[in-house]
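File shown here: run15.tsv, holding TSV, C-alpha atoms.
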```
chain	number	residue	atom	x	y	z
A	1	MET	CA	-18.15	-125.77	7.62
A	2	ALA	CA	-15.19	-128.15	7.46
A	3	LYS	CA	-14.55	-130.18	10.55
A	4	SER	CA	-11.01	-128.84	10.81
A	5	ALA	CA	-12.20	-125.24	11.07
A	6	SER	CA	-13.07	-125.63	14.76
A	7	THR	CA	-9.74	-127.19	15.71
A	8	PRO	CA	-7.35	-124.90	17.61
A	9	SER	CA	-3.96	-124.03	16.17
A	10	ILE	CA	-0.82	-126.01	17.02
A	11	LEU	CA	0.39	-123.33	19.41
A	12	SER	CA	-3.00	-123.11	21.10
A	13	MET	CA	-3.11	-126.87	21.59
A	14	MET	CA	0.46	-126.98	22.89
A	15	THR	CA	-0.37	-124.18	25.29
A	16	GLU	CA	-3.34	-126.07	26.70
A	17	LEU	CA	-1.46	-129.37	27.01
A	18	VAL	CA	1.59	-127.84	28.69
A	19	LYS	CA	-0.72	-125.99	31.10
A	20	ILE	CA	-1.99	-129.28	32.57
A	21	PRO	CA	0.35	-130.88	35.15
A	22	SER	CA	0.79	-134.61	34.51
A	23	VAL	CA	4.01	-135.63	36.25
A	24	SER	CA	4.58	-139.35	36.72
A	25	SER	CA	7.19	-140.55	39.16
A	26	THR	CA	8.26	-143.59	41.13
A	27	MET	CA	8.13	-141.26	44.16
A	28	PRO	CA	4.51	-141.09	45.39
A	29	SER	CA	5.01	-137.51	46.61
A	30	CYS	CA	5.67	-136.36	43.02
A	31	ASP	CA	3.30	-138.64	41.15
A	32	MET	CA	0.04	-137.35	39.69
A	33	GLY	CA	-2.59	-138.40	37.16
A	34	ASN	CA	-2.82	-137.67	33.43
A	35	ILE	CA	-6.59	-137.88	33.04
A	36	ARG	CA	-7.03	-134.14	32.37
A	37	VAL	CA	-4.59	-134.33	29.44
A	38	ILE	CA	-6.46	-137.35	28.09
A	39	GLU	CA	-9.80	-135.56	28.39
A	40	GLN	CA	-8.39	-132.50	26.62
A	41	LEU	CA	-7.20	-134.60	23.69
A	42	ALA	CA	-10.57	-136.34	23.56
A	43	SER	CA	-12.35	-132.97	23.43
A	44	TRP	CA	-10.42	-132.09	20.26
A	45	LEU	CA	-10.56	-135.47	18.53
A	46	GLU	CA	-14.22	-136.43	19.03
A	47	PRO	CA	-15.59	-133.41	17.08
A	48	LEU	CA	-13.26	-134.36	14.22
A	49	GLY	CA	-15.04	-137.70	13.84
A	50	PHE	CA	-12.71	-139.90	15.88
A	51	LYS	CA	-14.19	-142.71	17.91
A	52	VAL	CA	-12.59	-142.09	21.30
A	53	ARG	CA	-12.12	-144.61	24.08
A	54	ILE	CA	-10.60	-143.71	27.43
A	55	GLN	CA	-8.99	-146.74	29.06
A	56	PRO	CA	-8.39	-146.38	32.83
A	57	ILE	CA	-5.15	-147.90	34.11
A	58	SER	CA	-5.97	-150.59	36.64
A	59	GLY	CA	-4.96	-149.68	40.18
A	60	GLN	CA	-3.88	-146.17	39.22
A	61	LYS	CA	-5.97	-143.19	40.28
A	62	ASP	CA	-6.70	-140.59	37.58
A	63	LYS	CA	-4.52	-142.34	35.00
A	64	ALA	CA	-5.69	-143.53	31.61
A	65	ASN	CA	-4.82	-144.21	27.99
A	66	LEU	CA	-6.68	-142.70	25.05
A	67	ILE	CA	-7.36	-144.70	21.89
A	68	ALA	CA	-8.89	-142.48	19.20
A	69	THR	CA	-9.77	-144.11	15.88
A	70	LEU	CA	-10.78	-142.54	12.58
A	71	GLY	CA	-12.05	-145.01	10.00
A	72	SER	CA	-12.41	-148.76	10.28
A	73	GLY	CA	-11.06	-152.02	8.97
A	74	ASN	CA	-7.75	-153.81	9.30
A	75	GLY	CA	-4.29	-152.37	8.90
A	76	GLY	CA	-3.70	-148.67	9.24
A	77	LEU	CA	-1.42	-146.42	11.21
A	78	VAL	CA	-0.89	-145.68	14.91
A	79	LEU	CA	0.60	-142.33	15.93
A	80	ALA	CA	1.57	-142.79	19.56
A	81	GLY	CA	3.02	-140.89	22.46
A	82	HIS	CA	2.88	-140.48	26.22
A	83	THR	CA	1.06	-137.73	28.07
A	84	ASP	CA	3.10	-137.67	31.29
A	85	THR	CA	6.21	-135.65	32.08
A	86	VAL	CA	9.11	-136.09	34.47
A	87	PRO	CA	9.29	-134.19	37.78
A	88	PHE	CA	10.87	-130.73	37.61
A	89	ASN	CA	12.64	-128.10	39.71
A	90	GLU	CA	10.87	-124.82	39.01
A	91	SER	CA	13.71	-122.77	40.52
A	92	LEU	CA	15.98	-123.86	37.63
A	93	TRP	CA	13.54	-122.67	34.95
A	94	HIS	CA	13.67	-119.18	33.43
A	95	SER	CA	9.91	-119.20	32.82
A	96	ASP	CA	6.87	-120.98	34.23
A	97	PRO	CA	7.16	-124.69	33.28
A	98	PHE	CA	3.37	-124.81	32.75
A	99	THR	CA	3.16	-121.74	30.52
A	100	LEU	CA	4.22	-122.22	26.91
A	101	THR	CA	6.68	-119.38	26.34
A	102	GLU	CA	8.13	-118.38	22.98
A	103	ARG	CA	11.59	-116.83	22.82
A	104	ASP	CA	14.56	-117.18	20.46
A	105	ASN	CA	12.41	-119.20	18.01
A	106	LYS	CA	11.83	-121.86	20.65
A	107	LEU	CA	8.74	-122.94	22.58
A	108	TYR	CA	9.57	-123.48	26.25
A	109	GLY	CA	7.44	-125.55	28.59
A	110	LEU	CA	7.39	-128.84	30.51
A	111	GLY	CA	6.46	-131.52	27.99
A	112	SER	CA	6.83	-129.22	24.99
A	113	THR	CA	9.16	-131.71	23.31
A	114	ASP	CA	8.79	-134.79	25.55
A	115	MET	CA	6.19	-135.14	24.35
A	116	LYS	CA	2.93	-133.23	24.54
A	117	GLY	CA	3.88	-131.07	21.56
A	118	PHE	CA	3.77	-134.16	19.33
A	119	PHE	CA	0.00	-134.53	19.86
A	120	ALA	CA	-0.68	-130.93	18.82
A	121	ILE	CA	1.35	-131.48	15.65
A	122	VAL	CA	-0.43	-134.78	14.90
A	123	ILE	CA	-3.88	-133.21	15.19
A	124	ASP	CA	-2.86	-130.38	12.90
A	125	ALA	CA	-1.32	-132.79	10.39
A	126	LEU	CA	-4.46	-134.88	10.01
A	127	LYS	CA	-6.78	-131.95	9.20
A	128	PRO	CA	-6.54	-132.28	5.39
A	129	PHE	CA	-7.70	-135.89	5.56
A	130	LEU	CA	-10.84	-135.49	7.66
A	131	ASP	CA	-13.21	-135.40	4.69
A	132	LYS	CA	-11.37	-137.98	2.59
A	133	PRO	CA	-12.28	-141.67	2.40
A	134	LEU	CA	-9.92	-143.82	4.44
A	135	SER	CA	-8.63	-147.14	3.19
A	136	ALA	CA	-7.45	-148.10	6.71
A	137	PRO	CA	-7.91	-146.61	10.18
A	138	LEU	CA	-5.82	-143.81	11.62
A	139	ILE	CA	-5.32	-144.31	15.37
A	140	ILE	CA	-4.09	-141.67	17.81
A	141	LEU	CA	-2.81	-143.35	20.95
A	142	ALA	CA	-1.90	-141.46	24.13
A	143	THR	CA	-0.51	-143.36	27.10
A	144	ALA	CA	0.09	-142.89	30.81
A	145	ASP	CA	3.18	-143.37	32.97
A	146	GLU	CA	5.84	-143.78	30.29
A	147	GLU	CA	8.28	-141.83	32.46
A	148	SER	CA	7.90	-144.21	35.41
A	149	SER	CA	6.37	-147.68	35.04
A	150	MET	CA	5.16	-147.72	31.40
A	151	ASP	CA	1.96	-149.20	32.81
A	152	GLY	CA	-0.07	-147.44	30.11
A	153	ALA	CA	1.67	-149.21	27.25
A	154	ARG	CA	1.74	-152.48	29.19
A	155	SER	CA	-2.05	-152.42	29.50
A	156	LEU	CA	-2.63	-152.27	25.74
A	157	VAL	CA	-3.91	-155.35	23.96
A	158	GLN	CA	-4.29	-156.17	20.29
A	159	SER	CA	-7.95	-155.14	20.20
A	160	ASP	CA	-7.03	-151.64	21.38
A	161	VAL	CA	-5.25	-150.88	18.11
A	162	SER	CA	-7.67	-152.66	15.76
A	163	GLY	CA	-5.02	-154.73	14.05
A	164	ALA	CA	-2.99	-151.73	12.86
A	165	ARG	CA	0.13	-152.62	10.89
A	166	TYR	CA	2.34	-149.55	11.36
A	167	ALA	CA	3.24	-147.37	14.35
A	168	ILE	CA	5.24	-144.19	14.84
A	169	VAL	CA	6.25	-143.37	18.39
A	170	GLY	CA	6.80	-139.62	18.39
A	171	GLU	CA	9.63	-139.33	20.91
A	172	PRO	CA	12.01	-136.41	20.27
A	173	THR	CA	14.61	-137.52	17.72
A	174	GLY	CA	15.00	-134.32	15.71
A	175	LEU	CA	12.72	-136.01	13.16
A	176	SER	CA	15.43	-138.59	12.45
A	177	PRO	CA	14.05	-142.14	12.24
A	178	MET	CA	15.27	-144.57	14.89
A	179	ARG	CA	14.75	-148.28	14.48
A	180	ALA	CA	16.40	-149.72	17.60
A	181	HIS	CA	17.11	-149.04	21.24
A	182	LYS	CA	18.35	-150.99	24.22
A	183	GLY	CA	16.15	-152.57	26.85
A	184	ILE	CA	16.44	-152.04	30.58
A	185	VAL	CA	16.01	-153.93	33.83
A	186	MET	CA	16.50	-152.43	37.30
A	187	LYS	CA	17.28	-154.74	40.20
A	188	GLY	CA	17.73	-154.47	43.94
A	189	ILE	CA	19.83	-156.85	46.04
A	190	THR	CA	19.38	-156.86	49.81
A	191	ILE	CA	21.79	-158.75	52.06
A	192	THR	CA	20.73	-159.29	55.66
A	193	GLY	CA	23.49	-160.36	58.00
A	194	ARG	CA	23.93	-159.92	61.72
A	195	SER	CA	25.32	-156.85	63.49
A	196	GLY	CA	27.66	-156.91	66.45
A	197	HIS	CA	30.65	-155.22	68.03
A	198	SER	CA	33.38	-154.59	65.48
A	199	SER	CA	36.09	-155.72	67.91
A	200	ASN	CA	35.10	-159.34	67.29
A	201	PRO	CA	33.99	-160.20	63.72
A	202	LEU	CA	32.79	-163.59	64.92
A	203	LEU	CA	29.96	-161.93	66.82
A	204	GLY	CA	28.18	-161.00	63.58
A	205	ASN	CA	27.90	-161.70	59.87
A	206	ASN	CA	28.99	-158.70	57.82
A	207	ALA	CA	26.52	-157.89	55.04
A	208	MET	CA	28.92	-155.41	53.45
A	209	ASP	CA	31.64	-158.04	53.14
A	210	ALA	CA	29.13	-160.29	51.40
A	211	MET	CA	28.06	-157.45	49.11
A	212	HIS	CA	31.70	-156.98	48.10
A	213	GLU	CA	31.74	-160.58	46.87
A	214	VAL	CA	28.38	-160.12	45.15
A	215	MET	CA	29.58	-157.03	43.30
A	216	SER	CA	32.75	-158.82	42.20
A	217	GLY	CA	30.58	-161.62	40.80
A	218	LEU	CA	28.29	-159.14	39.05
A	219	MET	CA	31.27	-157.41	37.46
A	220	GLN	CA	32.38	-160.77	36.09
A	221	LEU	CA	28.85	-161.35	34.75
A	222	ARG	CA	28.98	-157.90	33.15
A	223	LYS	CA	32.18	-158.88	31.37
A	224	GLU	CA	30.66	-162.16	30.17
A	225	LEU	CA	27.53	-160.45	28.83
A	226	ALA	CA	29.67	-157.93	26.96
A	227	GLU	CA	31.68	-160.74	25.38
A	228	LYS	CA	28.59	-162.70	24.39
A	229	TYR	CA	26.37	-159.92	23.01
A	230	GLN	CA	27.52	-157.35	20.46
A	231	HIS	CA	25.38	-154.93	18.45
A	232	PRO	CA	27.44	-152.65	16.19
A	233	GLY	CA	24.52	-150.30	15.61
A	234	PHE	CA	24.96	-148.73	19.05
A	235	SER	CA	27.68	-146.31	20.13
A	236	VAL	CA	28.12	-148.60	23.16
A	237	PRO	CA	27.73	-151.92	21.32
A	238	THR	CA	27.48	-154.20	24.37
A	239	PRO	CA	25.07	-154.59	27.27
A	240	THR	CA	25.97	-152.40	30.24
A	241	MET	CA	25.58	-152.90	33.98
A	242	ASN	CA	25.62	-149.83	36.22
A	243	PHE	CA	25.86	-149.92	40.02
A	244	GLY	CA	23.70	-146.91	40.80
A	245	CYS	CA	23.51	-146.75	44.60
A	246	ILE	CA	24.52	-148.72	47.66
A	247	HIS	CA	23.56	-148.36	51.32
A	248	GLY	CA	24.78	-150.38	54.27
A	249	GLY	CA	25.53	-150.28	57.97
A	250	ASP	CA	25.14	-147.45	60.44
A	251	ASN	CA	28.44	-146.94	62.28
A	252	PRO	CA	32.16	-147.71	61.84
A	253	ASN	CA	32.34	-149.69	65.10
A	254	ARG	CA	29.41	-151.98	64.33
A	255	ILE	CA	29.42	-155.00	62.06
A	256	CYS	CA	27.23	-154.17	59.07
A	257	GLY	CA	23.92	-155.95	59.51
A	258	GLN	CA	22.30	-155.02	56.20
A	259	CYS	CA	23.44	-153.79	52.80
A	260	GLU	CA	21.44	-152.94	49.70
A	261	LEU	CA	22.55	-152.41	46.10
A	262	HIS	CA	20.50	-150.96	43.22
A	263	PHE	CA	21.73	-151.44	39.66
A	264	ASP	CA	20.52	-151.52	36.08
A	265	ILE	CA	21.33	-153.57	33.00
A	266	ARG	CA	20.84	-152.13	29.51
A	267	THR	CA	20.21	-155.04	27.18
A	268	THR	CA	20.89	-155.22	23.45
A	269	PRO	CA	18.41	-156.53	20.87
A	270	GLY	CA	18.44	-160.32	20.87
A	271	MET	CA	18.82	-160.65	24.63
A	272	ASP	CA	16.05	-162.13	26.77
A	273	ASN	CA	15.42	-160.04	29.88
A	274	ASN	CA	13.78	-163.04	31.54
A	275	GLU	CA	17.06	-164.96	31.56
A	276	LEU	CA	18.88	-162.31	33.58
A	277	ASP	CA	17.39	-163.27	36.95
A	278	GLY	CA	18.79	-166.78	36.57
A	279	LEU	CA	22.24	-165.47	35.67
A	280	ILE	CA	22.23	-163.06	38.61
A	281	GLN	CA	21.03	-165.77	40.96
A	282	LYS	CA	24.01	-167.91	39.95
A	283	VAL	CA	26.19	-165.13	41.34
A	284	LEU	CA	24.20	-164.75	44.56
A	285	THR	CA	23.60	-168.35	45.61
A	286	PRO	CA	27.24	-169.41	46.20
A	287	VAL	CA	27.91	-166.29	48.27
A	288	ALA	CA	24.77	-166.86	50.36
A	289	GLU	CA	25.67	-170.51	50.97
A	290	ARG	CA	29.34	-169.93	51.72
A	291	ARG	CA	28.64	-167.09	54.14
A	292	ALA	CA	25.38	-168.49	55.56
A	293	ILE	CA	23.75	-165.15	54.88
A	294	ASN	CA	20.41	-164.10	53.44
A	295	ILE	CA	20.54	-162.50	49.98
A	296	GLY	CA	17.35	-161.30	48.28
A	297	LEU	CA	16.86	-160.21	44.66
A	298	ARG	CA	13.93	-158.12	43.47
A	299	ALA	CA	12.87	-156.04	40.48
A	300	LEU	CA	12.77	-152.28	41.03
A	301	MET	CA	10.59	-151.80	37.95
A	302	PRO	CA	9.06	-154.03	35.29
A	303	GLY	CA	11.71	-154.71	32.68
A	304	LEU	CA	11.57	-153.29	29.18
A	305	ALA	CA	12.71	-155.40	26.24
A	306	ALA	CA	15.19	-154.12	23.69
A	307	TYR	CA	13.64	-152.99	20.42
A	308	GLU	CA	14.79	-153.37	16.84
A	309	GLU	CA	12.85	-152.92	13.61
A	310	PRO	CA	14.45	-154.70	10.64
A	311	ALA	CA	16.38	-152.34	8.38
A	312	ASP	CA	14.52	-153.64	5.34
A	313	SER	CA	10.98	-153.22	6.73
A	314	GLU	CA	8.46	-151.27	4.68
A	315	LEU	CA	8.00	-148.56	7.31
A	316	VAL	CA	11.74	-147.99	7.71
A	317	ALA	CA	12.12	-147.62	3.95
A	318	LEU	CA	9.28	-145.08	3.81
A	319	VAL	CA	10.51	-142.82	6.62
A	320	GLU	CA	14.07	-142.97	5.32
A	321	LYS	CA	12.81	-141.77	1.95
A	322	LEU	CA	10.70	-139.01	3.52
A	323	THR	CA	13.39	-137.70	5.85
A	324	GLY	CA	16.43	-138.37	3.66
A	325	GLN	CA	18.12	-140.04	6.63
A	326	VAL	CA	19.15	-143.63	7.32
A	327	ALA	CA	17.36	-145.06	10.36
A	328	ALA	CA	19.70	-145.22	13.34
A	329	THR	CA	19.60	-146.21	17.03
A	330	VAL	CA	19.02	-144.36	20.29
A	331	GLY	CA	20.25	-145.01	23.80
A	332	PHE	CA	17.02	-144.11	25.61
A	333	ALA	CA	14.10	-146.49	26.06
A	334	THR	CA	10.61	-145.96	24.60
A	335	GLU	CA	7.25	-147.69	24.30
A	336	ALA	CA	8.21	-149.06	20.86
A	337	PRO	CA	8.66	-152.69	22.04
A	338	PHE	CA	5.02	-152.87	23.10
A	339	PHE	CA	3.79	-151.90	19.64
A	340	GLN	CA	6.09	-154.46	18.05
A	341	GLN	CA	4.67	-157.08	20.39
A	342	LEU	CA	1.22	-156.15	19.10
A	343	GLY	CA	2.36	-157.06	15.59
A	344	MET	CA	3.17	-153.62	14.15
A	345	GLN	CA	6.14	-152.38	12.18
A	346	THR	CA	7.37	-149.63	14.50
A	347	ILE	CA	9.65	-146.63	14.20
A	348	VAL	CA	10.65	-143.99	16.76
A	349	MET	CA	10.58	-140.52	15.23
A	350	GLY	CA	9.39	-137.14	16.41
A	351	PRO	CA	10.13	-133.42	16.67
A	352	GLY	CA	12.47	-131.86	19.20
A	353	SER	CA	15.66	-133.16	20.74
A	354	ILE	CA	16.17	-135.67	23.53
A	355	ASP	CA	18.92	-133.32	24.73
A	356	GLN	CA	16.18	-130.94	25.91
A	357	ALA	CA	14.05	-133.66	27.51
A	358	HIS	CA	14.16	-134.03	31.31
A	359	GLN	CA	15.97	-130.68	31.56
A	360	PRO	CA	15.07	-127.24	32.94
A	361	ASP	CA	13.92	-124.92	30.15
A	362	GLU	CA	12.76	-127.82	27.99
A	363	PHE	CA	11.84	-126.52	24.55
A	364	MET	CA	10.80	-127.40	21.03
A	365	ALA	CA	12.38	-125.40	18.23
A	366	LEU	CA	9.79	-123.74	16.00
A	367	ASP	CA	11.57	-124.94	12.87
A	368	GLN	CA	10.80	-128.55	13.85
A	369	ILE	CA	7.03	-128.14	13.55
A	370	GLN	CA	6.31	-127.81	9.83
A	371	PRO	CA	8.76	-130.55	8.73
A	372	THR	CA	7.05	-132.89	11.19
A	373	VAL	CA	3.62	-131.99	9.81
A	374	ASP	CA	4.87	-132.69	6.29
A	375	VAL	CA	6.32	-136.10	7.14
A	376	LEU	CA	3.28	-137.21	9.14
A	377	GLN	CA	0.93	-136.19	6.33
A	378	ALA	CA	2.95	-138.23	3.86
A	379	VAL	CA	2.81	-141.30	6.13
A	380	ILE	CA	-0.94	-140.90	6.73
A	381	LYS	CA	-1.52	-140.60	3.00
A	382	GLN	CA	0.54	-143.72	2.34
A	383	TYR	CA	-1.16	-145.99	4.87
A	384	CYS	CA	-4.66	-144.61	5.45
A	385	ILE	CA	-5.95	-142.73	2.39
A	386	GLN	CA	-7.53	-144.34	-0.61
A	387	SER	CA	-5.57	-143.70	-3.77
```
How would this structure read if it were set down as structure tokens?
Amino acid sequence: MAKSASTPSILSMMTELVKIPSVSSTMPSCDMGNIRVIEQLASWLEPLGFKVRIQPISGQKDKANLIATLGSGNGGLVLAGHTDTVPFNESLWHSDPFTLTERDNKLYGLGSTDMKGFFAIVIDALKPFLDKPLSAPLIILATADEESSMDGARSLVQSDVSGARYAIVGEPTGLSPMRAHKGIVMKGITITGRSGHSSNPLLGNNAMDAMHEVMSGLMQLRKELAEKYQHPGFSVPTPTMNFGCIHGGDNPNRICGQCELHFDIRTTPGMDNNELDGLIQKVLTPVAERRAINIGLRALMPGLAAYEEPADSELVALVEKLTGQVAATVGFATEAPFFQQLGMQTIVMGPGSIDQAHQPDEFMALDQIQPTVDVLQAVIKQYCIQS
């Protein structure tokens, strides 16, 4: 009997994966592990001949990566994705988020397109190659916590991917290849002043007044970054800075004793995230000294570098030929930079649409499945199968 005969169908695998809750969130009350999804994938891949390693994420309960390798040697292909989903509001769904539901030629379910469905398609796509000699390894990589900290991808090291040369990150792009996206940093600024009666400003040190100056300085920095960095490949070609939330004070007749600002910066390829703290600090220090007030800067999440694969790379040329589409850019962030840092040519390309991701009634269109199988089989044949 062929090894592939015992493998469930795509729809059966998607059903099982969607059924398993694996929400990751920066809010502890919503956060949960992904280990059951990892174990399910392992139970399908090991009987197919894959050497499976489950890598626990340090300091994270019930969270792990899966590295499943078929074949040996250097080079080869990584097909990668994350196993977690975002939180959800069940009352906004028209069907159970954890039950894969087919209607109107679409498969509804939490994670159906972002991105548990990708793994089911990958496993189906590799079936014809199970009994063929491999010229280079095929590696299936499933990560934890992409939707929150990206700690899964951060924990990977070169040895985990056996020196692979090519990687496809199967985020939902409508099967259009994407070769660049912006990076992101999220920062928090806390200003601690001194409260007092509002009838006499000299009795206190107003943190909100100081934050006004800080925000004015940050807006000037935003302008300078936009003038310095331009990337025409993006619909918004410059870095952006968004003031997301601000909290300060407790009553109109009290001097504001503390104020906090949270903001993000979306960086373009070529920028160094590590330089941003210094630039921000140059805004904060003069305000702190002039007002004799305490201003603290902290990271709200580990930063993610911008990603760009050269337009003339071998992998870009191959997927452009296979899809008939020129590789473009996306605005959302992915794990692609980590694979580049491990020395791989990397492309972002997968079934489904990002427009359905993170939304109630998330779905994958049925007509996305077979084209994805066809493209993945062509890439596997190119990089892993002996000619």
(message) For Glu146 (chain A), find every residue with an atom within 12 Å (counting all atoms listed in the file), except residues of its own chain fewer than 4 positions away, and show them as an MDAnalysis selection string.
(response) chainID A and resid 22:26 34 63:65 80:86 114:115 142 150:155 169 171 302 304 333:336 338
(request) May I have the residues within 12 Å of region 292-296 of chain A as a PyMOL selection string, using only C-alpha atoms and disregarding those fewer than 4 positions away in the same chain? (result) chain A and resi 187-194+204-211+213-214+257-262+277+280-288
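The shortest atom-to-atom distance to Asp367 (chain A), with all atoms listed in the file taken into account, belongs to A:Leu175 out of A:Val379, A:Leu318, A:Leu175, A:Cys256.
With distances restricted to all atoms listed in the file, A:Ser135 is the closest residue to Tyr383 (chain A) from A:Asn105, A:Ser135, A:Gln158, A:Gln356.
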(request) Would you please work out which residue, of A:Asn242, A:Thr267, A:Gln386, A:Ser198, is nearest to Tyr229 (chain A) when using only C-alpha atoms? (result) A:Thr267
(request) Find the distance between CA of Thr7 (chain A) and CA of Phe50 (chain A) and write it in Å to one decimal. (result)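 Pair CA of Thr7 (chain A) / CA of Phe50 (chain A) returns 13.1 Å.
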(request) Find the residues near Phe234 (chain A): any atom within 10 Å, counting only C-alpha atoms, skip ones fewer than 3 places away on the same chain, and give them as a list of chain:residue names. (result)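 Returned residues: A:Ala180, A:His181, A:Lys182, A:Gln230, A:His231, A:Pro237, A:Thr238, A:Thr268, A:Ala328, A:Thr329, A:Val330, A:Gly331.
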